[in-house]
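> Structure below; questions to follow.
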Amino acid sequence: MSNRDVVVVGASSGGRAAIKELVAGLPADFPGAMLVVVHSALTSDDCFPRLLSDAGPLPAAHANDGEPVLPGRIYCARPDRHLVVREGLLRLTKGPKENRFRPAVDPLFRSAARAFGSRVVGAVLSGRLDDGSRGMAMIKSRGGIAIVQSPEEASSPEMPESVLRTCAVDFTLPVREMSKILTDLATGSIDLPQSAAFDREARDPAPDEWTEIAAFGDLAFSKNEDLGKPSGFTCPDCGGALFERGGTLTPWMRCHVGHTYTPAGLLAAQEEEVESALWTALRTLEEAVGFRKQMTKRMVERGLKTLSEQLAREVGEYEQQAASLRRLLLGDGQADGSRGGSQ
């Protein structure tokens with residue numbers, strides 16, 4: 001029975017506490033390596049590896065570019081860098097974001113599957129949206145093992161639920177039960193479920209070049225790669241055209257420079273863009289109201305009645321438009337016209 005000794009873990013909202021619980025249950029002689037990606041802000045502090053080291057017996061640290069993957073260690077992705085595996089070594093890259101995340105879970109999962117094949121165990125814990133689903137499909141397509149946190153236990157169940165929809169998951173467990181399973185898999189002392197066979201039917205695992213473009217961002221033009229079918233949509237990150245690849249159930253969209261989106265990720269990004277545009281419109285309207293009020297006062301002082309009346313009408317129109325936007329953005333209870341530059 002082969003050892004499954006490369007564990008890749010992905011999480012987002014609520015995932016840090018789950019990972020701490022997971023590593024707390026690992027034995028000091030755990031024979032595998034663990035690679036961890038948690039969505040983090042650019043300004044995140046460096047304390048998470050220390051917290052993991054304090055939580056369990058294995059040493060945890062931020063991964064360093066070019067270091068080997070060694071057993072008995074936990075490697076954490078750094079803020080604003082994808083953590084991937086290339087030619088058996090850890091690489092930290094500033095390649096294009098996936099679903100507006102860097103680090104993202106999918107690049108790690110895809111690259112680990114490509115590098116280590118059936119030795120890989122993927123674990124997806126609490127998190128929003130669907131990062132990790134397509135990477136897990138690639139892990140399964142190359143004979144690896146898929147584990148997800150029980151959705152009913154996860155504080156944000158969307159990521160585990162998405163993996164369950166995407167491929168044949170081998171173990172769905174509470175976090176407290178994962179440590180023993182991971183240890184048994186790493187030592188080869190467990191009878192695997194039938195689903196642990198090669199899942200060649202995993203939906204639309206990403207082709208190898210997608211691992212490279214996500215990690216390094218250097219293939220789309222240099223190799224004249226077929227980007228796929230034009231989607232008719234634009235990239236929220238750079239404004240470029242998005243091209244669609246994959247099947248109808250789980251498509252991916254990617255622009256020329258490599259920004260990549262799942263449908264759920266694109267929906268979330270578009271929602272952010274819409275809200276940002278509405279706030280910008282509200283700010284512009286309120287500035288327009290404020291400036292017209294100043295100009296109206298000056299026109300009155302100079303006796304220019306016609307101009308002052310025209311500006312006053314524009315003030316009323318813009319105030320109505322601003323009030324409508326406030327109701328849309330804040331809700332009727334807060335959009336009472338008592339805020340902003342219209343005063």
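Residue numbering restarts at 1 for every chain of the structure tokens, chains are lettered A, B, ... in their displayed order, and ligands are numbered from 1 as they appear.
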Once you count only C-alpha atoms, what closest atom pair and distance in Å to one decimal does each residue of stretch 73-147 of chain A within 12 Å of stretch 174-177 of chain A have, with rows by chain and rising residue number, as a tab-separated table?

```
residue	atom	partner	partner_atom	distance
A:Ala123	CA	A:Val175	CA	10.1
A:Val124	CA	A:Val175	CA	10.3
A:Leu125	CA	A:Val175	CA	8.2
A:Ser126	CA	A:Val175	CA	9.9
A:Ile147	CA	A:Val175	CA	10.1
```
> Please produce a file of the residues just selected, as a PDB file, in the first residue's frame, where the atoms kept are N, CA, C and O atoms.

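This went into selection14.pdb:
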```
ATOM      1  N   ALA A 123      -6.789  18.395   1.328  1.00  0.00           N
ATOM      2  CA  ALA A 123      -7.775  18.629   2.385  1.00  0.00           C
ATOM      3  C   ALA A 123      -8.302  20.052   2.254  1.00  0.00           C
ATOM      4  O   ALA A 123      -7.518  21.008   2.273  1.00  0.00           O
ATOM      5  N   VAL A 124      -9.612  20.186   2.097  1.00  0.00           N
ATOM      6  CA  VAL A 124     -10.258  21.490   1.996  1.00  0.00           C
ATOM      7  C   VAL A 124     -11.099  21.703   3.246  1.00  0.00           C
ATOM      8  O   VAL A 124     -11.974  20.892   3.570  1.00  0.00           O
ATOM      9  N   LEU A 125     -10.812  22.807   3.930  1.00  0.00           N
ATOM     10  CA  LEU A 125     -11.504  23.135   5.173  1.00  0.00           C
ATOM     11  C   LEU A 125     -12.390  24.358   4.948  1.00  0.00           C
ATOM     12  O   LEU A 125     -12.637  24.768   3.815  1.00  0.00           O
ATOM     13  N   SER A 126     -12.857  24.927   6.019  1.00  0.00           N
ATOM     14  CA  SER A 126     -13.815  26.026   5.973  1.00  0.00           C
ATOM     15  C   SER A 126     -13.361  27.145   5.040  1.00  0.00           C
ATOM     16  O   SER A 126     -12.189  27.524   5.009  1.00  0.00           O
ATOM     17  N   ILE A 147     -10.029  14.885   0.868  1.00  0.00           N
ATOM     18  CA  ILE A 147     -10.663  14.974   2.177  1.00  0.00           C
ATOM     19  C   ILE A 147     -11.275  16.362   2.313  1.00  0.00           C
ATOM     20  O   ILE A 147     -10.650  17.356   1.933  1.00  0.00           O
TER      21      ILE A 147
END
```
> Write out as a compact mmCIF listing (two decimals) with N, CA and C atoms, in the first residue's frame the residues lying within 9 Å of A:Ser133, counting only C-alpha atoms and excluding same-chain residues fewer than 5 positions away.

```txt
# COMPACT_ATOMS: atom_id res chain seq x y z
N VAL A 105 -5.69 28.52 -3.42
CA VAL A 105 -5.57 27.09 -3.11
C VAL A 105 -5.34 26.28 -4.38
N ASP A 106 -6.08 26.59 -5.43
CA ASP A 106 -6.01 25.77 -6.64
C ASP A 106 -4.60 25.64 -7.23
N VAL A 124 -9.61 20.19 2.10
CA VAL A 124 -10.26 21.49 2.00
C VAL A 124 -11.10 21.70 3.25
N MET A 138 -7.97 17.72 -9.99
CA MET A 138 -6.70 17.26 -10.57
C MET A 138 -6.01 16.25 -9.65
N MET A 159 -16.63 26.14 0.50
CA MET A 159 -15.50 25.44 -0.15
C MET A 159 -15.63 23.92 -0.03
N PRO A 160 -15.90 23.36 1.16
CA PRO A 160 -16.11 21.90 1.21
C PRO A 160 -17.28 21.44 0.35
N SER A 162 -18.42 22.77 -2.38
CA SER A 162 -18.05 22.83 -3.78
C SER A 162 -17.21 21.63 -4.20
N VAL A 163 -16.27 21.23 -3.34
CA VAL A 163 -15.46 20.04 -3.65
C VAL A 163 -16.34 18.79 -3.74
N LEU A 164 -17.29 18.67 -2.84
CA LEU A 164 -18.20 17.52 -2.86
C LEU A 164 -18.99 17.45 -4.16
N ARG A 165 -19.29 18.61 -4.75
CA ARG A 165 -20.01 18.62 -6.02
C ARG A 165 -19.11 18.33 -7.20
N THR A 166 -17.80 18.55 -7.04
CA THR A 166 -16.88 18.52 -8.17
C THR A 166 -16.25 17.16 -8.42
N CYS A 167 -15.95 16.42 -7.37
CA CYS A 167 -15.25 15.14 -7.57
C CYS A 167 -15.63 14.16 -6.46
```
> What does the distance between atom CA of A:Val121 and atom CA of A:Val7 come to in Å, to one decimal place?
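Atom-to-atom, atom CA of A:Val121 to atom CA of A:Val7, that is 4.7 Å.
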> From the set A:Arg283, A:Arg50, A:Arg326, A:Arg4, which residue has the shortest atom-to-atom contact distance to A:Arg119, counting only C-alpha atoms?
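Closest to A:Arg119 of all the choices is A:Arg4.
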> With only C-alpha atoms as the counted atoms, please give the residues lying no more than 7 Å from A:His62, apart from itself and same-chain residues fewer than 5 positions off, as an MDAnalysis selection string.
chainID A and resid 49 75:78
> Okay, now the selection with C-alpha atoms, as a PDB file, in the first residue's frame?

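See again20.pdb below for the written result:
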```
ATOM      1  CA  PRO A  49       3.126  29.618  11.303  1.00  0.00           C
ATOM      2  CA  TYR A  75       4.992  24.940   5.050  1.00  0.00           C
ATOM      3  CA  CYS A  76       2.672  27.964   4.945  1.00  0.00           C
ATOM      4  CA  ALA A  77       2.080  30.230   1.983  1.00  0.00           C
ATOM      5  CA  ARG A  78       3.239  33.807   2.384  1.00  0.00           C
TER       6      ARG A  78
END
```
> Just want the 9 Å neighbourhood of stretch 310-318 of chain A, counted on only C-alpha atoms, with same-chain residues fewer than 2 positions away dropped. Output as a list in words.
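Neighbouring residues, sequence-local ones excluded: Leu285, Glu286, Ala288, Val289, Gly290, Arg292, Lys293, Met295, Thr296, Lys305, Thr306, Leu307, Ser308, Gln320, Gln321, Ala322, Ala323 and Ser342 of chain A.
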> Near A:Asp5, within 9 Å and counting only C-alpha atoms, which residues show up once chain neighbours fewer than 2 positions away are dropped, as a list in words?
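Everything that qualifies: Asn3, Val7, Pro31, Gly32, Ala33, Met34, Pro71, Arg119, Val120, Val121, Leu182, Thr183, Leu185, Ala186, Thr187 and Gly188 of chain A.
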> If you take only C-alpha atoms and a cut-off of 9 Å, which residues of stretch 232-327 of chain A touch stretch 81-101 of chain A, and what are their nearest atom pairs and distances in Å to one decimal, in chain and number order, as CSV?

```
residue,atom,partner,partner_atom,distance
A:Pro236,CA,A:Arg100,CA,8.7
A:Asp237,CA,A:Arg100,CA,7.5
A:Arg254,CA,A:Glu98,CA,9.0
A:Val257,CA,A:Pro96,CA,7.1
A:Gly258,CA,A:Pro96,CA,5.3
A:His259,CA,A:Pro96,CA,5.0
A:Thr260,CA,A:Glu98,CA,4.6
A:Tyr261,CA,A:Asn99,CA,4.8
A:Thr262,CA,A:Asn99,CA,6.8
A:Ala264,CA,A:Asn99,CA,8.5
A:Gly265,CA,A:Asn99,CA,4.9
A:Leu266,CA,A:Asn99,CA,6.8
A:Ala268,CA,A:Asn99,CA,8.6
A:Ala269,CA,A:Arg100,CA,7.5
```
> Would you pick out the contacts of A:Gly127 at 7 Å or less, using only C-alpha atoms, so that residues sharing its chain but fewer than 2 positions from it are not included, and give the list as a ChimeraX atom specification?
/A:11-15,125,129,156-159
> Please dump the current selection as a PDB file, in the first residue's frame; keep N, CA and C atoms.

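As written to disk, result38.pdb reads:
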```pdb
ATOM      1  N   ALA A  11      -7.869  26.582   2.772  1.00  0.00           N
ATOM      2  CA  ALA A  11      -8.958  27.111   3.581  1.00  0.00           C
ATOM      3  C   ALA A  11      -9.068  28.607   3.347  1.00  0.00           C
ATOM      4  N   SER A  12     -10.167  29.152   3.829  1.00  0.00           N
ATOM      5  CA  SER A  12     -10.392  30.586   3.739  1.00  0.00           C
ATOM      6  C   SER A  12     -11.076  31.036   5.026  1.00  0.00           C
ATOM      7  N   SER A  13     -12.233  31.645   4.920  1.00  0.00           N
ATOM      8  CA  SER A  13     -12.931  32.160   6.091  1.00  0.00           C
ATOM      9  C   SER A  13     -13.198  31.056   7.110  1.00  0.00           C
ATOM     10  N   GLY A  14     -12.740  31.239   8.344  1.00  0.00           N
ATOM     11  CA  GLY A  14     -12.905  30.245   9.392  1.00  0.00           C
ATOM     12  C   GLY A  14     -11.892  29.125   9.351  1.00  0.00           C
ATOM     13  N   GLY A  15     -10.991  29.152   8.375  1.00  0.00           N
ATOM     14  CA  GLY A  15     -10.077  28.033   8.186  1.00  0.00           C
ATOM     15  C   GLY A  15      -8.881  28.014   9.122  1.00  0.00           C
ATOM     16  N   LEU A 125     -10.812  22.807   3.930  1.00  0.00           N
ATOM     17  CA  LEU A 125     -11.504  23.135   5.173  1.00  0.00           C
ATOM     18  C   LEU A 125     -12.390  24.358   4.948  1.00  0.00           C
ATOM     19  N   LEU A 129     -16.824  30.596  -1.226  1.00  0.00           N
ATOM     20  CA  LEU A 129     -16.708  30.386  -2.666  1.00  0.00           C
ATOM     21  C   LEU A 129     -16.179  28.988  -2.960  1.00  0.00           C
ATOM     22  N   SER A 156     -17.737  28.336   7.456  1.00  0.00           N
ATOM     23  CA  SER A 156     -18.092  28.737   6.091  1.00  0.00           C
ATOM     24  C   SER A 156     -18.035  27.478   5.226  1.00  0.00           C
ATOM     25  N   PRO A 157     -19.168  26.853   4.936  1.00  0.00           N
ATOM     26  CA  PRO A 157     -19.165  25.533   4.307  1.00  0.00           C
ATOM     27  C   PRO A 157     -19.027  25.531   2.782  1.00  0.00           C
ATOM     28  N   GLU A 158     -18.923  26.696   2.138  1.00  0.00           N
ATOM     29  CA  GLU A 158     -18.992  26.732   0.682  1.00  0.00           C
ATOM     30  C   GLU A 158     -17.854  25.978   0.012  1.00  0.00           C
ATOM     31  N   MET A 159     -16.625  26.137   0.496  1.00  0.00           N
ATOM     32  CA  MET A 159     -15.503  25.444  -0.149  1.00  0.00           C
ATOM     33  C   MET A 159     -15.629  23.922  -0.035  1.00  0.00           C
TER      34      MET A 159
END
```
> Take atom CA of A:His256 and atom CA of A:Ser111 and report the distance between them in Å, one decimal.
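Interatomic distance, atom CA of A:His256 to atom CA of A:Ser111: 20.4 Å.
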> Taking into account only C-alpha atoms, which residue in the set A:Ser276, A:Ser179, A:Ser141, A:Ser118 is nearest to A:Ala28?
A:Ser179
